[in-house]
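What follows is a set of notes on a single structure, which appears directly below.
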There are 6 protein chains.
Amino acid sequence: MPILNIQLLDGRSDEMKKELIQKVSVVTADTLKIPLEHVQVILHEVSRKHWARGGVTYSEKQ
Amino acid sequence: MPILNIQLLDGRSDEMKKELIQKVSVVTADTLKIPLEHVQVILHEVSRKHWARGGVTYSEKQ
Amino acid sequence: MPILNIQLLDGRSDEMKKELIQKVSVVTADTLKIPLEHVQVILHEVSRKHWARGGVTYSEKQ
Amino acid sequence: MPILNIQLLDGRSDEMKKELIQKVSVVTADTLKIPLEHVQVILHEVSRKHWARGGVTYSEKQ
Amino acid sequence: MPILNIQLLDGRSDEMKKELIQKVSVVTADTLKIPLEHVQVILHEVSRKHWARGGVTYSEKQ
Amino acid sequence: MPILNIQLLDGRSDEMKKELIQKVSVVTADTLKIPLEHVQVILHEVSRKHWARGGVTYSEKQ
């Protein structure tokens, strides 16, 4: 019953997000030897204005 | 001063969310024997496209 | 399938924590009109040294 | 490599949020004696309808 | 720069946790087409006494 | 009423953690022009075995 909360910058396509969710779920179930159905994933898209490294947002870095 | 971060699928009415916040706050204060004013609740609505069980999003399950 | 992550100061008895988990789960299921089995709760006990209000930890306030 | 997840009520200006991110990053790096580049900050704006103290949302308090 | 916060029940071996971290990192980098070095993973081990489904902790279910 | 959840590698002294909490609280209150008493900080110490960048834990990097 692991829960993966994944934060990533927004802007990815629906296809890529769906693939990410599907693949991390499978690899988690396989590694922990648990049923795939026990794995939950929640994606959190973060705006470039709200994520910073070194005090500078990704919006400013662009 | 407990803090409850509640993740739920989006789509609930404002009335239902307000009732949820109110009731979990009261039951938390009563159980921990603390003033109601010490309890904080933060709701996080998650899109069906961003929440998955078993590698499949709730958006796809529909 | 709501998930409640609850942060509270450590030091509560196992009985009180179990009661908290049980009661917030029931009130959440009832309010959202979903099966109790869909509700998950995760408790996070925080040390008084690691939780602060107004820049002062609860450990110092004591 | 500390990560600061900051929850705040929405409605602040972009300027104020940028300043907040910049200043907490600098003070974190200085205090921990690490390079500024190692500090990450993620802002989470929360709607007044979704944040409550004492069972009452900030939306209702207004 | 995605960050994966993974909550799982405690009790897994160091080997299994290391493998989980390594594999979800690789699959995330591959899927998002980003350098592996940009992926961060943080594991949160949760006690069976602090994780519940349906109002009953995993400690009680055993 | 902002809440700062700060994840950092464990091993810092109590003094340094207290200073970090105090200083980020003050800078947050000053920047947002709110009373210091409204700022909460919660520290989360993470084991080097449970935090990874690029698929390798900080425990292994040492």
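Within each chain, counting starts at residue 1; across the structure tokens, chains are named A, B, ... in the order shown, with ligands numbered 1 upward in that order.
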Least-squares superpose chain E onto chain B - every C-alpha atom, paired in order - and show me the moved coordinates as a PDB file with C-alpha atoms, in the first residue's frame.
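Here's the written file superposed-v6.pdb:
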```pdb
ATOM      1  CA  MET E   1      -2.162  22.161  17.114  1.00  0.00           C
ATOM      2  CA  PRO E   2      -2.645  19.161  14.862  1.00  0.00           C
ATOM      3  CA  ILE E   3      -2.658  19.773  11.116  1.00  0.00           C
ATOM      4  CA  LEU E   4      -4.724  17.535   8.861  1.00  0.00           C
ATOM      5  CA  ASN E   5      -3.777  17.551   5.183  1.00  0.00           C
ATOM      6  CA  ILE E   6      -6.579  15.789   3.328  1.00  0.00           C
ATOM      7  CA  GLN E   7      -6.196  14.652  -0.264  1.00  0.00           C
ATOM      8  CA  LEU E   8      -9.408  13.845  -2.092  1.00  0.00           C
ATOM      9  CA  LEU E   9     -10.567  13.594  -5.680  1.00  0.00           C
ATOM     10  CA  ASP E  10     -11.957  16.881  -6.933  1.00  0.00           C
ATOM     11  CA  GLY E  11     -15.589  17.332  -7.841  1.00  0.00           C
ATOM     12  CA  ARG E  12     -17.202  17.504  -4.411  1.00  0.00           C
ATOM     13  CA  SER E  13     -19.563  20.396  -3.697  1.00  0.00           C
ATOM     14  CA  ASP E  14     -18.498  23.323  -1.538  1.00  0.00           C
ATOM     15  CA  GLU E  15     -21.134  22.268   0.988  1.00  0.00           C
ATOM     16  CA  MET E  16     -19.731  18.765   1.330  1.00  0.00           C
ATOM     17  CA  LYS E  17     -16.154  20.001   1.658  1.00  0.00           C
ATOM     18  CA  LYS E  18     -17.171  22.522   4.312  1.00  0.00           C
ATOM     19  CA  GLU E  19     -18.992  19.817   6.235  1.00  0.00           C
ATOM     20  CA  LEU E  20     -15.985  17.484   5.993  1.00  0.00           C
ATOM     21  CA  ILE E  21     -13.648  20.169   7.329  1.00  0.00           C
ATOM     22  CA  GLN E  22     -15.993  21.035  10.159  1.00  0.00           C
ATOM     23  CA  LYS E  23     -16.644  17.473  11.271  1.00  0.00           C
ATOM     24  CA  VAL E  24     -13.087  16.139  11.181  1.00  0.00           C
ATOM     25  CA  SER E  25     -11.988  19.228  13.125  1.00  0.00           C
ATOM     26  CA  VAL E  26     -14.552  18.651  15.858  1.00  0.00           C
ATOM     27  CA  VAL E  27     -13.826  14.939  16.178  1.00  0.00           C
ATOM     28  CA  THR E  28     -10.074  15.621  16.318  1.00  0.00           C
ATOM     29  CA  ALA E  29     -10.430  18.234  19.054  1.00  0.00           C
ATOM     30  CA  ASP E  30     -12.799  16.021  21.052  1.00  0.00           C
ATOM     31  CA  THR E  31     -10.598  12.941  20.822  1.00  0.00           C
ATOM     32  CA  LEU E  32      -7.349  14.722  21.658  1.00  0.00           C
ATOM     33  CA  LYS E  33      -9.095  16.815  24.341  1.00  0.00           C
ATOM     34  CA  ILE E  34      -7.790  20.082  22.910  1.00  0.00           C
ATOM     35  CA  PRO E  35      -9.564  23.329  22.009  1.00  0.00           C
ATOM     36  CA  LEU E  36     -11.233  23.214  18.590  1.00  0.00           C
ATOM     37  CA  GLU E  37      -9.340  26.386  17.731  1.00  0.00           C
ATOM     38  CA  HIS E  38      -6.063  24.421  17.767  1.00  0.00           C
ATOM     39  CA  VAL E  39      -7.068  22.181  14.855  1.00  0.00           C
ATOM     40  CA  GLN E  40      -6.157  23.076  11.307  1.00  0.00           C
ATOM     41  CA  VAL E  41      -7.386  21.352   8.157  1.00  0.00           C
ATOM     42  CA  ILE E  42      -6.093  21.833   4.620  1.00  0.00           C
ATOM     43  CA  LEU E  43      -7.926  20.218   1.702  1.00  0.00           C
ATOM     44  CA  HIS E  44      -6.070  19.195  -1.443  1.00  0.00           C
ATOM     45  CA  GLU E  45      -8.284  18.463  -4.398  1.00  0.00           C
ATOM     46  CA  VAL E  46      -6.594  16.093  -6.834  1.00  0.00           C
ATOM     47  CA  SER E  47      -7.589  15.727 -10.464  1.00  0.00           C
ATOM     48  CA  ARG E  48      -8.656  12.252 -11.603  1.00  0.00           C
ATOM     49  CA  LYS E  49      -5.892  12.467 -14.180  1.00  0.00           C
ATOM     50  CA  HIS E  50      -3.299  12.797 -11.397  1.00  0.00           C
ATOM     51  CA  TRP E  51      -4.366  10.044  -8.989  1.00  0.00           C
ATOM     52  CA  ALA E  52      -3.799   6.402  -9.770  1.00  0.00           C
ATOM     53  CA  ARG E  53      -4.223   3.041  -8.128  1.00  0.00           C
ATOM     54  CA  GLY E  54      -2.575   0.042  -9.713  1.00  0.00           C
ATOM     55  CA  GLY E  55      -0.955   2.215 -12.343  1.00  0.00           C
ATOM     56  CA  VAL E  56      -4.276   3.375 -13.780  1.00  0.00           C
ATOM     57  CA  THR E  57      -5.593   6.880 -13.159  1.00  0.00           C
ATOM     58  CA  TYR E  58      -9.140   7.416 -11.897  1.00  0.00           C
ATOM     59  CA  SER E  59      -9.709   9.343 -15.107  1.00  0.00           C
ATOM     60  CA  GLU E  60      -9.057   6.178 -17.130  1.00  0.00           C
ATOM     61  CA  LYS E  61     -11.091   3.958 -14.790  1.00  0.00           C
ATOM     62  CA  GLN E  62     -14.272   5.916 -15.442  1.00  0.00           C
TER      63      GLN E  62
END
```
* To do: Give me every helix (DSSP H, G or I) residue in segment 2-60 of chain F, going by DSSP on the backbone, as a ChimeraX atom specification.
  => /F:14-32,36-38,48-50,58-60
Among the residues of chain C, find those DSSP assigns to strand (DSSP E) from the backbone and print them as an MDAnalysis selection string. chainID C and resid 3:9 40:46 51:53 56:57
Can you spit out the residues from that selection as a PDB file, in the first residue's frame, using N, CA and C atoms?
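Below is the file selection27.pdb, written as the result:
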```pdb
ATOM      1  N   ILE C   3      -7.048  10.446   1.460  1.00  0.00           N
ATOM      2  CA  ILE C   3      -5.909  10.144   2.336  1.00  0.00           C
ATOM      3  C   ILE C   3      -5.737  11.320   3.285  1.00  0.00           C
ATOM      4  N   LEU C   4      -5.748  11.023   4.580  1.00  0.00           N
ATOM      5  CA  LEU C   4      -5.562  12.061   5.591  1.00  0.00           C
ATOM      6  C   LEU C   4      -4.190  11.908   6.218  1.00  0.00           C
ATOM      7  N   ASN C   5      -3.323  12.864   5.991  1.00  0.00           N
ATOM      8  CA  ASN C   5      -2.038  12.893   6.671  1.00  0.00           C
ATOM      9  C   ASN C   5      -2.157  13.854   7.855  1.00  0.00           C
ATOM     10  N   ILE C   6      -2.013  13.296   9.059  1.00  0.00           N
ATOM     11  CA  ILE C   6      -2.246  14.083  10.271  1.00  0.00           C
ATOM     12  C   ILE C   6      -0.931  14.273  11.020  1.00  0.00           C
ATOM     13  N   GLN C   7      -0.535  15.523  11.176  1.00  0.00           N
ATOM     14  CA  GLN C   7       0.660  15.839  11.969  1.00  0.00           C
ATOM     15  C   GLN C   7       0.220  16.248  13.369  1.00  0.00           C
ATOM     16  N   LEU C   8       0.810  15.619  14.373  1.00  0.00           N
ATOM     17  CA  LEU C   8       0.501  16.022  15.756  1.00  0.00           C
ATOM     18  C   LEU C   8       1.750  15.872  16.618  1.00  0.00           C
ATOM     19  N   LEU C   9       1.793  16.621  17.696  1.00  0.00           N
ATOM     20  CA  LEU C   9       2.927  16.509  18.611  1.00  0.00           C
ATOM     21  C   LEU C   9       2.981  15.098  19.176  1.00  0.00           C
ATOM     22  N   GLN C  40      -8.067   6.329   4.059  1.00  0.00           N
ATOM     23  CA  GLN C  40      -6.774   6.026   4.673  1.00  0.00           C
ATOM     24  C   GLN C  40      -6.327   7.175   5.580  1.00  0.00           C
ATOM     25  N   VAL C  41      -5.695   6.826   6.690  1.00  0.00           N
ATOM     26  CA  VAL C  41      -5.152   7.827   7.602  1.00  0.00           C
ATOM     27  C   VAL C  41      -3.700   7.464   7.909  1.00  0.00           C
ATOM     28  N   ILE C  42      -2.845   8.469   7.852  1.00  0.00           N
ATOM     29  CA  ILE C  42      -1.436   8.284   8.237  1.00  0.00           C
ATOM     30  C   ILE C  42      -1.096   9.340   9.286  1.00  0.00           C
ATOM     31  N   LEU C  43      -0.661   8.864  10.457  1.00  0.00           N
ATOM     32  CA  LEU C  43      -0.262   9.781  11.537  1.00  0.00           C
ATOM     33  C   LEU C  43       1.225  10.090  11.453  1.00  0.00           C
ATOM     34  N   HIS C  44       1.563  11.345  11.697  1.00  0.00           N
ATOM     35  CA  HIS C  44       2.966  11.761  11.751  1.00  0.00           C
ATOM     36  C   HIS C  44       3.214  12.412  13.104  1.00  0.00           C
ATOM     37  N   GLU C  45       3.920  11.730  13.966  1.00  0.00           N
ATOM     38  CA  GLU C  45       4.256  12.321  15.257  1.00  0.00           C
ATOM     39  C   GLU C  45       5.473  13.220  15.083  1.00  0.00           C
ATOM     40  N   VAL C  46       5.348  14.445  15.572  1.00  0.00           N
ATOM     41  CA  VAL C  46       6.432  15.408  15.437  1.00  0.00           C
ATOM     42  C   VAL C  46       6.982  15.731  16.827  1.00  0.00           C
ATOM     43  N   TRP C  51       8.853  21.391  15.995  1.00  0.00           N
ATOM     44  CA  TRP C  51       7.614  22.099  15.631  1.00  0.00           C
ATOM     45  C   TRP C  51       7.627  23.444  16.333  1.00  0.00           C
ATOM     46  N   ALA C  52       7.458  24.493  15.564  1.00  0.00           N
ATOM     47  CA  ALA C  52       7.534  25.840  16.140  1.00  0.00           C
ATOM     48  C   ALA C  52       6.362  26.692  15.681  1.00  0.00           C
ATOM     49  N   ARG C  53       5.952  27.571  16.562  1.00  0.00           N
ATOM     50  CA  ARG C  53       5.028  28.649  16.192  1.00  0.00           C
ATOM     51  C   ARG C  53       5.691  29.947  16.620  1.00  0.00           C
ATOM     52  N   VAL C  56       9.468  29.871  17.804  1.00  0.00           N
ATOM     53  CA  VAL C  56       9.865  29.220  19.057  1.00  0.00           C
ATOM     54  C   VAL C  56       9.306  27.797  19.078  1.00  0.00           C
ATOM     55  N   THR C  57      10.162  26.816  19.305  1.00  0.00           N
ATOM     56  CA  THR C  57       9.687  25.435  19.305  1.00  0.00           C
ATOM     57  C   THR C  57       8.830  25.157  20.547  1.00  0.00           C
TER      58      THR C  57
END
```
